[in-house]
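K.L.:
I have a structure I would like to understand better, so I am pasting it below and will then ask my questions one at a time.
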Amino acid sequence: MLNALAERGIRRPRRILITALVAFVVAAVLGGPVAGQLDSANGFEDPGSSSVAARQAIQQASGLDPSPGVIAVVDTPQGAGSPQARERIAQVARIAEDAPGVAIVRTPADRPGGRALVAADGKSALVTATLEASADEGDVVAAATDRLEHVPGVTLGGPAVAGEQIGDQVNSDLGRAEMFAFPLLALLAFVFFRGGRAAALPLMVGLLAIVCSFLIIRLINGVYGLSVYSLNVIFGLGLGLAIDYALFLVSRFREELQAGRDVHGAVRGAMSTAGRTVVFSSLTVAAAMLSLVVFPQQFLKSIGIGGAVVALVAASVALLILPALFTRMGTRLMPRGGVVNSAETRWARITATVLKRPGAIAAVTAVAMILVALPTLRAQWTGVDAGVLPTSHSARVVDDRLAADYPQLSSDPVVIAVHAPASERAAVERYAERVGRVDGVRSVSAPQRLDGSTWRIDAIVPGSPLGDQAQGAVKAIREVPRSFTVDVGGNAAVFADGHAAIAAGLPIALAILVVTTLVLLWLMTGSAVLPVKALLMSFLTLGVTTGMLVLIFQDGRFESLLGYTSQGGIEEADFLVLAAIAFAISTDYGVFVLGRIKEAHDRGLSQRAAITTGIGATGRLVSAAAVLLAVAMGAFATSQIIFLKEIGVGAVVAVLVDAFVVRALLVPSLMVLLGSANWWSPRVLRRLHARVGLSEAAPAAA
């Protein structure tokens with residue numbers, strides 16, 4: 001296949017490049033609007049959970065959402081009972097009632113429970129709007145915002161408003177990331193590729209890969225609804241991988257020219273060596289990202305699908321158009337002064353220094369990484385609600401004011417859907433009494449029959465839905481004996497179910513990551529030892545990454561610098577996304593580095609010489625690729641959404657630690673300590689590797 005792609009690029013470069021230009025225009029036109037078509041709501045829920053079943057049962061039985069979707073905070077500086085305040089509250093209520101999709105509006109004048117809608121200091125009051133179950137939240141929020149944004153002293157929030165604002169902010173952040181990343185990547189590419197022509201290639205590949213991925217995601221979304229968050233991963237990971245693949249191919253093409261081959265021979269040589277690495281790298285990244293698909297949450301599935309799509313597309317674009325570009329540009333891609341001998345590079349000298357004291361360097365590096373990883377043991381998990389928004393957003397303002405000013409209000413009860421016929425009213429009432437005796441439950445509403453077989457009970461649990469008290473109450477409520485089926489919902493139950501779903505899927509996801517890493521590195525090296533060592537280093541890198549997230553985001557460090565407010569924990573799904581990215585990149589770079597070390601070893605070089613030559617040949621490429629990928633993924637850190645910011649910072653840490661600590665210090669030191677054991681493999685695996693193994697041949701002189 002790679003030989004065929006090389007020959008096609010050599011024979012028909014003009015046709016391929018024209019086709020690529022047409023594909024870019026079509027993909028940009030058709031795939032560009034995808035952001036407005038993806039979902040931003042309920043992406044962190046387990047759709048098969050009891051909490052989702054409770055919401056759906058109440059919606060179906062009552063035709064209403066279980067809790068208010070829009071909450072308006074009305075400022076009443078003269079006091080909530082003043083004539084001016086009552087008139088303003090009534091005005092807001094009338095406007096809310098006229099909004100399409102709004103079923104019930106409640107104000108402080110309602111009985112019972114209206115008093116809870118007045119702030120403790122009387123300086124503000126709430127108007128809540130419960131939506132029809134069939135209402136489009138986006139339309140309701142747009143209508144309410146349009147009608148109320150000009151009313152003085154009114155701030156809109158609530159779950160529906162928060163969901164829309166999060167989605168809008170994600171789209172805005174994507175544009176900001178593009179504006180931040182592209183100029184910086186162009187500058188860095190010029191420096192790393194040592195020439196304007198060569199630097200233009202990775203950006204061309206990256207842009208085409210992104211727009212084609214957007215088009216594919218739009219097509220997938222027509223069959224299976226995806227989350228808007230997948231676009232951020234497509235942009236960051238796709239741009240970074242496309243540049244990496246172009247860097248590897250351009251570098252090998254230059255090596256082939258330096259070795260004396262003509263342009264056509266250099267194209268063939270680059271595709272048969274670095275091209276094969278790109279294929280296996282993209283498969284590795286795709287498999288690692290697809291490990292997220294085992295989890296039921298739409299957020300994780302969407303990022304997994306988006307990451308896998310863009311990895312495969314980035315490799316396909318690089319392998320399809322770069323041979324044509326190499327053929328057209330030829331020796332003009334060579335840097336001034338030619339290609340530096342691998343034994344004379346800065347990375348070869350660094351490796352030689354490391355190999356003088358391998359034991360001490362390996363021990364110090366490993367201990368330092370373990371110390372940085374230790375905070376992972378005290379990681380606290382958080383969920384996604386209005387608190388992930390910056391304080392400039394109205395939904396976040398309302399969320400903060402509800403917590404501070406309305407101690408008597410429980411806008412987030414544990415909602416219980418009881419499935420029992422009307423004849424079992426007495427049994428349902430006894431069940432409600434038992435729920436009221438659960439530790440942590442402050443009060444319980446009387447059972448409300450919604451239809452012939454569905455009842456609703458609200459259990460009021462003080463504190464945050466993510467807190468220990470609420471989580472313990474949800475667990476205890478689910479264990480209360482009853483003779484009928486119940487589903488327990490509300491945000492506390494949603495978080496508990498999400499955590500349980502992640503715990504259930506984690507072993508399968510880890511198995512995918514482990515098997516992918518072991519198999520691919522075995523295919524590259526033929527060794528049974530090196531893949532295990534690489535796997536342990538991947539876990540160490542992941543530990544360092546999570547430890548840094550705890551130190552920064554959970555502990556609230558650098559809030560002003562990074563522009564966020566700590567939630568006191570790490571968003572749980574972020575850990576899984578970062579694990580997939582860390583394993584993918586670690587294996588990606590491991591394939592490239594170990595492949596060149598094995599190439600030198602197979603030529604008969606000594607263990608030390610092979611390590612020095614292999615890292616000398618790849619060190620600059622891996623470090624450049626890491627910096628470029630860190631910039632592309634680090635663009636997430638500019639997001640105003642805290643969990644996307646966590647992914648951005650975490651990805652930067654993972655990529656740079658792997659490239660500059662693991663590859664520079666641990667890989668050479670541990671390999672020289674292991675000596676000939678690096679290449680040990682059972683006889684049966686050696687025979688199998690002889691048939692299916694992956695290797696790169698050295699450039700052959702003309």
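Note on naming: chains are A, B, ... as they come in the structure tokens, residues start from 1 per chain, ligands start from 1 in the order shown.
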Do you know which residues are at most 10 Å from segment 203-212 of chain A counting only C-alpha atoms, after dropping those on the same chain fewer than 4 positions away, and could you put them as number ranges by chain?
P.N.:
A: 20-21, 23-32, 182, 185-186, 189, 198-199, 216-218, 231, 234-246, 309-322
K.L.:
Pick out each residue of segment 401-509 of chain A that DSSP on the backbone tags as strand (DSSP E or B); I need them as a short mmCIF file (atom, residue, chain, number, x, y, z; two decimals) with all heavy atoms, in the first residue's frame.
P.N.:
data_model
loop_
_atom_site.label_atom_id
_atom_site.label_comp_id
_atom_site.auth_asym_id
_atom_site.auth_seq_id
_atom_site.Cartn_x
_atom_site.Cartn_y
_atom_site.Cartn_z
N VAL A 414 -32.96 15.25 45.67
CA VAL A 414 -32.89 13.89 45.15
C VAL A 414 -34.31 13.52 44.74
O VAL A 414 -35.23 13.51 45.56
CB VAL A 414 -32.35 12.91 46.21
CG1 VAL A 414 -32.39 11.48 45.68
CG2 VAL A 414 -30.93 13.29 46.62
N VAL A 415 -34.51 13.27 43.46
CA VAL A 415 -35.84 13.02 42.91
C VAL A 415 -36.04 11.51 42.75
O VAL A 415 -35.25 10.84 42.09
CB VAL A 415 -36.02 13.73 41.55
CG1 VAL A 415 -37.42 13.47 40.99
CG2 VAL A 415 -35.77 15.22 41.70
N ILE A 416 -37.11 11.01 43.35
CA ILE A 416 -37.38 9.58 43.32
C ILE A 416 -38.63 9.33 42.49
O ILE A 416 -39.70 9.89 42.77
CB ILE A 416 -37.58 9.02 44.74
CG1 ILE A 416 -36.37 9.38 45.62
CG2 ILE A 416 -37.78 7.51 44.72
CD1 ILE A 416 -36.58 9.09 47.09
N ALA A 417 -38.51 8.50 41.46
CA ALA A 417 -39.65 8.09 40.65
C ALA A 417 -40.05 6.69 41.10
O ALA A 417 -39.28 5.73 40.97
CB ALA A 417 -39.29 8.09 39.16
N VAL A 418 -41.24 6.59 41.65
CA VAL A 418 -41.77 5.32 42.15
C VAL A 418 -42.74 4.75 41.13
O VAL A 418 -43.63 5.45 40.66
CB VAL A 418 -42.48 5.52 43.51
CG1 VAL A 418 -43.08 4.21 43.99
CG2 VAL A 418 -41.51 6.08 44.54
N HIS A 419 -42.53 3.48 40.79
CA HIS A 419 -43.39 2.82 39.80
C HIS A 419 -44.32 1.87 40.56
O HIS A 419 -43.94 0.74 40.92
CB HIS A 419 -42.55 2.06 38.79
CG HIS A 419 -41.51 2.92 38.11
ND1 HIS A 419 -41.81 3.77 37.08
CD2 HIS A 419 -40.18 3.08 38.37
CE1 HIS A 419 -40.71 4.40 36.69
NE2 HIS A 419 -39.71 4.01 37.46
N SER A 443 -35.59 16.47 54.73
CA SER A 443 -37.05 16.36 54.67
C SER A 443 -37.43 15.63 53.39
O SER A 443 -36.64 15.51 52.46
CB SER A 443 -37.71 17.74 54.70
OG SER A 443 -37.32 18.51 53.57
N VAL A 444 -38.67 15.14 53.38
CA VAL A 444 -39.18 14.41 52.23
C VAL A 444 -40.57 14.94 51.90
O VAL A 444 -41.39 15.15 52.80
CB VAL A 444 -39.24 12.89 52.51
CG1 VAL A 444 -39.95 12.17 51.37
CG2 VAL A 444 -37.84 12.32 52.67
N GLN A 448 -46.40 12.27 45.27
CA GLN A 448 -47.30 12.92 44.30
C GLN A 448 -47.52 11.96 43.13
O GLN A 448 -46.57 11.58 42.45
CB GLN A 448 -46.69 14.22 43.79
CG GLN A 448 -47.51 14.92 42.72
CD GLN A 448 -46.77 16.11 42.12
OE1 GLN A 448 -45.62 16.37 42.46
NE2 GLN A 448 -47.43 16.82 41.22
N ARG A 449 -48.78 11.57 42.91
CA ARG A 449 -49.06 10.65 41.81
C ARG A 449 -49.16 11.45 40.50
O ARG A 449 -49.95 12.37 40.37
CB ARG A 449 -50.36 9.89 42.07
CG ARG A 449 -50.61 8.78 41.05
CD ARG A 449 -51.60 7.74 41.60
NE ARG A 449 -52.91 8.30 41.77
CZ ARG A 449 -53.88 8.27 40.85
NH1 ARG A 449 -53.64 7.69 39.68
NH2 ARG A 449 -55.07 8.79 41.09
N THR A 454 -47.02 6.09 38.21
CA THR A 454 -45.79 6.80 38.51
C THR A 454 -46.03 7.83 39.61
O THR A 454 -46.96 8.64 39.52
CB THR A 454 -45.23 7.52 37.26
OG1 THR A 454 -45.09 6.58 36.20
CG2 THR A 454 -43.88 8.15 37.55
N TRP A 455 -45.16 7.78 40.62
CA TRP A 455 -45.22 8.72 41.74
C TRP A 455 -43.89 9.46 41.81
O TRP A 455 -42.84 8.94 41.44
CB TRP A 455 -45.44 7.98 43.06
CG TRP A 455 -46.64 7.09 43.13
CD1 TRP A 455 -46.81 5.90 42.51
CD2 TRP A 455 -47.84 7.33 43.87
NE1 TRP A 455 -48.03 5.37 42.80
CE2 TRP A 455 -48.69 6.22 43.64
CE3 TRP A 455 -48.28 8.37 44.70
CZ2 TRP A 455 -49.94 6.12 44.22
CZ3 TRP A 455 -49.53 8.26 45.28
CH2 TRP A 455 -50.35 7.15 45.04
N ARG A 456 -43.97 10.67 42.36
CA ARG A 456 -42.76 11.46 42.57
C ARG A 456 -42.60 11.79 44.05
O ARG A 456 -43.54 12.22 44.70
CB ARG A 456 -42.79 12.75 41.76
CG ARG A 456 -41.65 13.71 42.11
CD ARG A 456 -41.60 14.92 41.22
NE ARG A 456 -40.54 15.83 41.64
CZ ARG A 456 -40.03 16.79 40.89
NH1 ARG A 456 -40.49 16.97 39.65
NH2 ARG A 456 -39.07 17.57 41.34
N ILE A 457 -41.35 11.59 44.54
CA ILE A 457 -41.00 11.95 45.91
C ILE A 457 -39.70 12.74 45.85
O ILE A 457 -38.74 12.31 45.20
CB ILE A 457 -40.80 10.70 46.80
CG1 ILE A 457 -42.08 9.86 46.84
CG2 ILE A 457 -40.37 11.09 48.20
CD1 ILE A 457 -41.91 8.52 47.54
N ASP A 458 -39.65 13.90 46.50
CA ASP A 458 -38.43 14.71 46.58
C ASP A 458 -37.82 14.58 47.97
O ASP A 458 -38.50 14.83 48.97
CB ASP A 458 -38.74 16.18 46.30
CG ASP A 458 -39.04 16.44 44.83
OD1 ASP A 458 -38.93 15.48 44.03
OD2 ASP A 458 -39.39 17.57 44.48
N ALA A 459 -36.54 14.20 48.00
CA ALA A 459 -35.81 14.12 49.26
C ALA A 459 -34.82 15.28 49.30
O ALA A 459 -33.97 15.42 48.41
CB ALA A 459 -35.06 12.79 49.37
N ILE A 460 -34.94 16.14 50.31
CA ILE A 460 -34.09 17.32 50.43
C ILE A 460 -32.82 16.94 51.20
O ILE A 460 -32.89 16.50 52.35
CB ILE A 460 -34.82 18.46 51.15
CG1 ILE A 460 -36.18 18.72 50.48
CG2 ILE A 460 -33.97 19.71 51.16
CD1 ILE A 460 -36.08 19.04 49.01
N THR A 485 -40.67 -0.98 42.13
CA THR A 485 -39.47 -0.45 41.48
C THR A 485 -39.37 1.06 41.68
O THR A 485 -40.38 1.77 41.56
CB THR A 485 -39.50 -0.76 39.97
OG1 THR A 485 -39.60 -2.17 39.79
CG2 THR A 485 -38.24 -0.25 39.28
N VAL A 486 -38.17 1.54 41.97
CA VAL A 486 -37.94 2.98 42.08
C VAL A 486 -36.69 3.34 41.28
O VAL A 486 -35.77 2.52 41.12
CB VAL A 486 -37.77 3.45 43.54
CG1 VAL A 486 -38.97 3.09 44.38
CG2 VAL A 486 -36.50 2.88 44.16
N ASP A 487 -36.65 4.55 40.77
CA ASP A 487 -35.46 5.12 40.14
C ASP A 487 -35.13 6.41 40.87
O ASP A 487 -36.02 7.24 41.11
CB ASP A 487 -35.71 5.41 38.66
CG ASP A 487 -35.77 4.13 37.83
OD1 ASP A 487 -34.82 3.35 37.91
OD2 ASP A 487 -36.77 3.94 37.11
N VAL A 488 -33.87 6.57 41.23
CA VAL A 488 -33.43 7.72 42.02
C VAL A 488 -32.65 8.66 41.11
O VAL A 488 -31.67 8.25 40.46
CB VAL A 488 -32.56 7.28 43.20
CG1 VAL A 488 -32.10 8.49 44.01
CG2 VAL A 488 -33.33 6.30 44.08
N GLY A 489 -33.12 9.91 41.01
CA GLY A 489 -32.50 10.88 40.13
C GLY A 489 -32.09 12.15 40.84
O GLY A 489 -31.96 12.18 42.07
#
K.L.:
Which residue out of A:Ser124, A:Gln640, A:Gln56, A:Thr345 has the minimum interatomic distance to Tyr406 of chain A when only C-alpha atoms are used?
P.N.:
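Checking each of A:Ser124, A:Gln640, A:Gln56, A:Thr345 against Tyr406 of chain A, counting only C-alpha atoms, the winner is A:Ser124.
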K.L.:
Tell me which of A:Gly101, A:Gly463, A:Gly543, A:Gly307 sits closest to Ala366 of chain A, counting only C-alpha atoms.
P.N.:
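Checking each candidate against Ala366 of chain A, we get A:Gly543 as the closest.
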K.L.:
Tell me, as JSON, numbers by chain, which residues lie within 12 Å of segment 683-691 of chain A, counting only C-alpha atoms; anything in the same chain fewer than 6 positions away does not count.
P.N.:
{"A": [519, 520, 521, 522, 523, 524, 525, 526, 527, 528, 529]}
K.L.:
Identify, on the basis of only C-alpha atoms, every residue whose closest approach to Ala160 of chain A does not exceed 8 Å; exclude the query and any residue fewer than 6 positions from it along the same chain; express the result as an mmCIF file with all heavy atoms, in the first residue's frame.
P.N.:
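Output below, filename result36.cif:
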data_model
loop_
_atom_site.group_PDB
_atom_site.id
_atom_site.type_symbol
_atom_site.label_atom_id
_atom_site.label_comp_id
_atom_site.auth_asym_id
_atom_site.auth_seq_id
_atom_site.Cartn_x
_atom_site.Cartn_y
_atom_site.Cartn_z
ATOM 1 N N GLY A 69 -35.748 24.658 34.774
ATOM 2 C CA GLY A 69 -34.621 24.776 33.860
ATOM 3 C C GLY A 69 -34.073 26.179 33.768
ATOM 4 O O GLY A 69 -32.904 26.378 33.449
ATOM 5 N N VAL A 70 -34.925 27.182 34.041
ATOM 6 C CA VAL A 70 -34.514 28.585 33.988
ATOM 7 C C VAL A 70 -34.828 29.222 35.334
ATOM 8 O O VAL A 70 -35.947 29.082 35.846
ATOM 9 C CB VAL A 70 -35.220 29.352 32.861
ATOM 10 C CG1 VAL A 70 -34.810 30.814 32.859
ATOM 11 C CG2 VAL A 70 -34.925 28.702 31.505
ATOM 12 N N GLU A 137 -34.578 23.201 24.772
ATOM 13 C CA GLU A 137 -33.977 24.098 25.759
ATOM 14 C C GLU A 137 -33.322 25.299 25.107
ATOM 15 O O GLU A 137 -33.383 26.415 25.636
ATOM 16 C CB GLU A 137 -32.954 23.335 26.599
ATOM 17 C CG GLU A 137 -33.571 22.346 27.581
ATOM 18 C CD GLU A 137 -32.542 21.793 28.547
ATOM 19 O OE1 GLU A 137 -31.333 22.035 28.346
ATOM 20 O OE2 GLU A 137 -32.943 21.116 29.509
ATOM 21 N N GLY A 138 -32.708 25.086 23.954
ATOM 22 C CA GLY A 138 -32.063 26.199 23.276
ATOM 23 C C GLY A 138 -33.050 27.287 22.882
ATOM 24 O O GLY A 138 -32.781 28.477 23.053
ATOM 25 N N VAL A 141 -34.272 29.103 26.138
ATOM 26 C CA VAL A 141 -33.253 30.009 26.680
ATOM 27 C C VAL A 141 -33.098 31.230 25.788
ATOM 28 O O VAL A 141 -32.981 32.365 26.275
ATOM 29 C CB VAL A 141 -31.913 29.264 26.838
ATOM 30 C CG1 VAL A 141 -30.792 30.242 27.183
ATOM 31 C CG2 VAL A 141 -32.021 28.188 27.911
#
K.L.:
What separation in Å, quoted to one decimal, exists between atom CA of Gly387 of chain A and atom CA of Gly568 of chain A?
P.N.:
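Taking atom CA of Gly387 of chain A and atom CA of Gly568 of chain A, their separation equals 11.0 Å.
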K.L.:
With a distance cut-off of 12 Å and only C-alpha atoms, select the neighbouring residues of Ala103 of chain A, excluding the residue or stretch itself and same-chain residues fewer than 6 positions from it, and output the selection as a tab-separated table (two decimals) with C-alpha atoms, in the first residue's frame.
P.N.:
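And here is the file that came out, around.tsv:
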chain	number	residue	atom	x	y	z
A	62	SER	CA	-46.13	14.61	33.90
A	63	GLY	CA	-45.09	16.14	30.58
A	64	LEU	CA	-42.68	18.37	32.56
A	65	ASP	CA	-39.02	18.44	33.45
A	66	PRO	CA	-38.39	17.32	37.05
A	67	SER	CA	-36.86	20.65	38.12
A	68	PRO	CA	-36.79	24.27	36.91
A	69	GLY	CA	-34.62	24.78	33.86
A	70	VAL	CA	-34.51	28.59	33.99
A	93	ALA	CA	-43.02	36.13	35.71
A	96	ALA	CA	-41.31	34.01	31.45
A	97	GLU	CA	-44.82	32.59	31.10
A	128	THR	CA	-38.32	29.85	38.37
A	129	ALA	CA	-39.55	28.35	35.10
A	130	THR	CA	-40.16	24.63	34.64
A	131	LEU	CA	-40.08	23.56	31.01
A	132	GLU	CA	-42.30	21.20	29.11
A	133	ALA	CA	-40.62	17.83	28.62
A	134	SER	CA	-40.80	18.22	24.84
A	135	ALA	CA	-39.44	21.79	24.82
A	140	VAL	CA	-36.53	28.49	25.51
K.L.:
Residues at most 12 Å from Ile502 of chain A, counting only C-alpha atoms, excluding those fewer than 5 positions away in the same chain, as a list in words?
P.N.:
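The filter keeps Phe44, Glu45, Asp46, Ser291, Leu292, Val293, Val294, Phe295, Pro296, Gln297, Leu300, Lys301, Trp381, Phe495, Ala496, Asp497, Pro507, Ile508, Ala509, Leu510, Glu572, Ala573, Asp574, Phe575, Leu576 and Val577 of chain A.
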K.L.:
Residues as selected, N, CA, C and O atoms, written as a CSV table (one decimal), in the first residue's frame, can you do that?
P.N.:
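The result, stored in selection02.csv:
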chain,number,residue,atom,x,y,z
A,44,PHE,N,-22.5,14.2,30.1
A,44,PHE,CA,-21.8,13.6,31.2
A,44,PHE,C,-22.6,12.6,31.9
A,44,PHE,O,-22.2,12.1,33.0
A,45,GLU,N,-23.8,12.3,31.4
A,45,GLU,CA,-24.7,11.3,32.1
A,45,GLU,C,-24.5,9.9,31.5
A,45,GLU,O,-24.2,9.8,30.3
A,46,ASP,N,-24.8,8.9,32.3
A,46,ASP,CA,-24.9,7.5,31.8
A,46,ASP,C,-26.4,7.3,31.3
A,46,ASP,O,-27.3,7.3,32.2
A,291,SER,N,-10.6,3.6,23.2
A,291,SER,CA,-10.8,3.0,24.5
A,291,SER,C,-11.8,3.8,25.3
A,291,SER,O,-12.5,3.3,26.2
A,292,LEU,N,-12.0,5.1,25.0
A,292,LEU,CA,-13.0,5.9,25.7
A,292,LEU,C,-14.5,5.5,25.3
A,292,LEU,O,-15.4,5.9,26.0
A,293,VAL,N,-14.6,4.8,24.2
A,293,VAL,CA,-15.9,4.5,23.7
A,293,VAL,C,-16.6,3.4,24.6
A,293,VAL,O,-17.8,3.3,24.6
A,294,VAL,N,-15.8,2.7,25.4
A,294,VAL,CA,-16.4,1.7,26.3
A,294,VAL,C,-17.2,2.3,27.4
A,294,VAL,O,-18.0,1.7,28.0
A,295,PHE,N,-17.1,3.6,27.6
A,295,PHE,CA,-17.8,4.3,28.7
A,295,PHE,C,-19.1,4.8,28.1
A,295,PHE,O,-19.2,5.3,26.9
A,296,PRO,N,-20.2,4.8,28.8
A,296,PRO,CA,-21.5,5.2,28.3
A,296,PRO,C,-21.7,6.7,28.1
A,296,PRO,O,-22.6,7.1,27.3
A,297,GLN,N,-20.9,7.6,28.7
A,297,GLN,CA,-21.2,9.0,28.7
A,297,GLN,C,-20.9,9.5,27.3
A,297,GLN,O,-19.9,9.2,26.7
A,300,LEU,N,-17.4,11.2,26.7
A,300,LEU,CA,-16.3,10.4,26.5
A,300,LEU,C,-16.3,9.6,25.1
A,300,LEU,O,-15.3,9.5,24.4
A,301,LYS,N,-17.5,9.2,24.8
A,301,LYS,CA,-17.7,8.5,23.5
A,301,LYS,C,-17.3,9.5,22.3
A,301,LYS,O,-16.6,9.1,21.4
A,381,TRP,N,-13.0,14.0,42.8
A,381,TRP,CA,-13.6,14.1,41.5
A,381,TRP,C,-14.8,15.1,41.6
A,381,TRP,O,-15.5,15.1,42.5
A,495,PHE,N,-24.3,12.2,39.3
A,495,PHE,CA,-22.9,12.1,39.6
A,495,PHE,C,-22.5,10.7,40.1
A,495,PHE,O,-21.5,10.1,39.6
A,496,ALA,N,-23.3,10.1,41.0
A,496,ALA,CA,-23.0,8.8,41.5
A,496,ALA,C,-23.1,7.8,40.4
A,496,ALA,O,-22.2,6.9,40.3
A,497,ASP,N,-24.1,7.9,39.5
A,497,ASP,CA,-24.2,6.9,38.4
A,497,ASP,C,-23.0,7.1,37.4
A,497,ASP,O,-22.5,6.1,36.9
A,507,PRO,N,-11.7,-1.1,33.7
A,507,PRO,CA,-10.8,-2.2,33.4
A,507,PRO,C,-10.8,-2.5,31.9
A,507,PRO,O,-9.7,-2.9,31.4
A,508,ILE,N,-11.9,-2.4,31.2
A,508,ILE,CA,-11.9,-2.7,29.8
A,508,ILE,C,-11.0,-1.6,29.0
A,508,ILE,O,-10.2,-2.0,28.2
A,509,ALA,N,-11.2,-0.4,29.4
A,509,ALA,CA,-10.4,0.7,28.8
A,509,ALA,C,-8.9,0.5,29.0
A,509,ALA,O,-8.1,0.7,28.1
A,510,LEU,N,-8.6,0.2,30.3
A,510,LEU,CA,-7.1,0.0,30.6
A,510,LEU,C,-6.6,-1.2,29.8
A,510,LEU,O,-5.5,-1.2,29.3
A,572,GLU,N,-13.9,14.2,36.6
A,572,GLU,CA,-13.6,12.8,36.5
A,572,GLU,C,-13.3,12.3,35.1
A,572,GLU,O,-12.3,11.5,34.9
A,573,ALA,N,-14.0,12.8,34.1
A,573,ALA,CA,-13.8,12.3,32.8
A,573,ALA,C,-12.5,12.8,32.2
A,573,ALA,O,-12.0,12.2,31.3
A,574,ASP,N,-12.0,13.9,32.7
A,574,ASP,CA,-10.7,14.5,32.2
A,574,ASP,C,-9.6,13.5,32.4
A,574,ASP,O,-8.7,13.4,31.6
A,575,PHE,N,-9.6,12.8,33.6
A,575,PHE,CA,-8.6,11.8,33.8
A,575,PHE,C,-8.6,10.7,32.7
A,575,PHE,O,-7.5,10.3,32.3
A,576,LEU,N,-9.7,10.3,32.3
A,576,LEU,CA,-9.8,9.2,31.3
A,576,LEU,C,-9.3,9.8,29.9
A,576,LEU,O,-8.6,9.1,29.2
A,577,VAL,N,-9.7,11.0,29.6
A,577,VAL,CA,-9.3,11.6,28.3
A,577,VAL,C,-7.7,11.7,28.3
A,577,VAL,O,-7.1,11.4,27.3
K.L.:
Please indicate the distance in Å from atom CA of Ala427 of chain A to atom CA of Asp451 of chain A, rounded to one decimal place.
P.N.:
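A separation of 16.6 Å between them.
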K.L.:
Give me, please, the distance in Å between atom CA of Ile350 of chain A and atom CA of Val544 of chain A, quoted to one decimal.
P.N.:
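Atom CA of Val544 of chain A lies 23.1 Å from atom CA of Ile350 of chain A.
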K.L.:
List the spatial neighbours of segment 370-378 of chain A as an NGL selection string - criterion: any atom at most 12 Å away, only C-alpha atoms, same-chain residues fewer than 3 positions off excluded.
P.N.:
:A and (363-367 or 381 or 536-537 or 539-555 or 568-570 or 575 or 653-654 or 657)
K.L.:
Pick out the closest residue to Pro183 of chain A from this set: A:Leu673, A:Ala492, A:Ala362, A:Val631. Count only C-alpha atoms.
P.N.:
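Using only C-alpha atoms, Pro183 of chain A sits closest to A:Val631.
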K.L.:
Would you mind telling me which residue in A:Pro390, A:Phe190, A:Leu409, A:Ala635 lies nearest to Pro108 of chain A when using only C-alpha atoms?
P.N.:
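For Pro108 of chain A, the nearest of the candidates is A:Leu409.
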K.L.:
For Val285 of chain A, which of A:Ala609, A:Met179, A:Val652, A:Ile581 is the closest residue, counting only C-alpha atoms?
P.N.:
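So, comparing all the options, the nearest one is A:Ile581.
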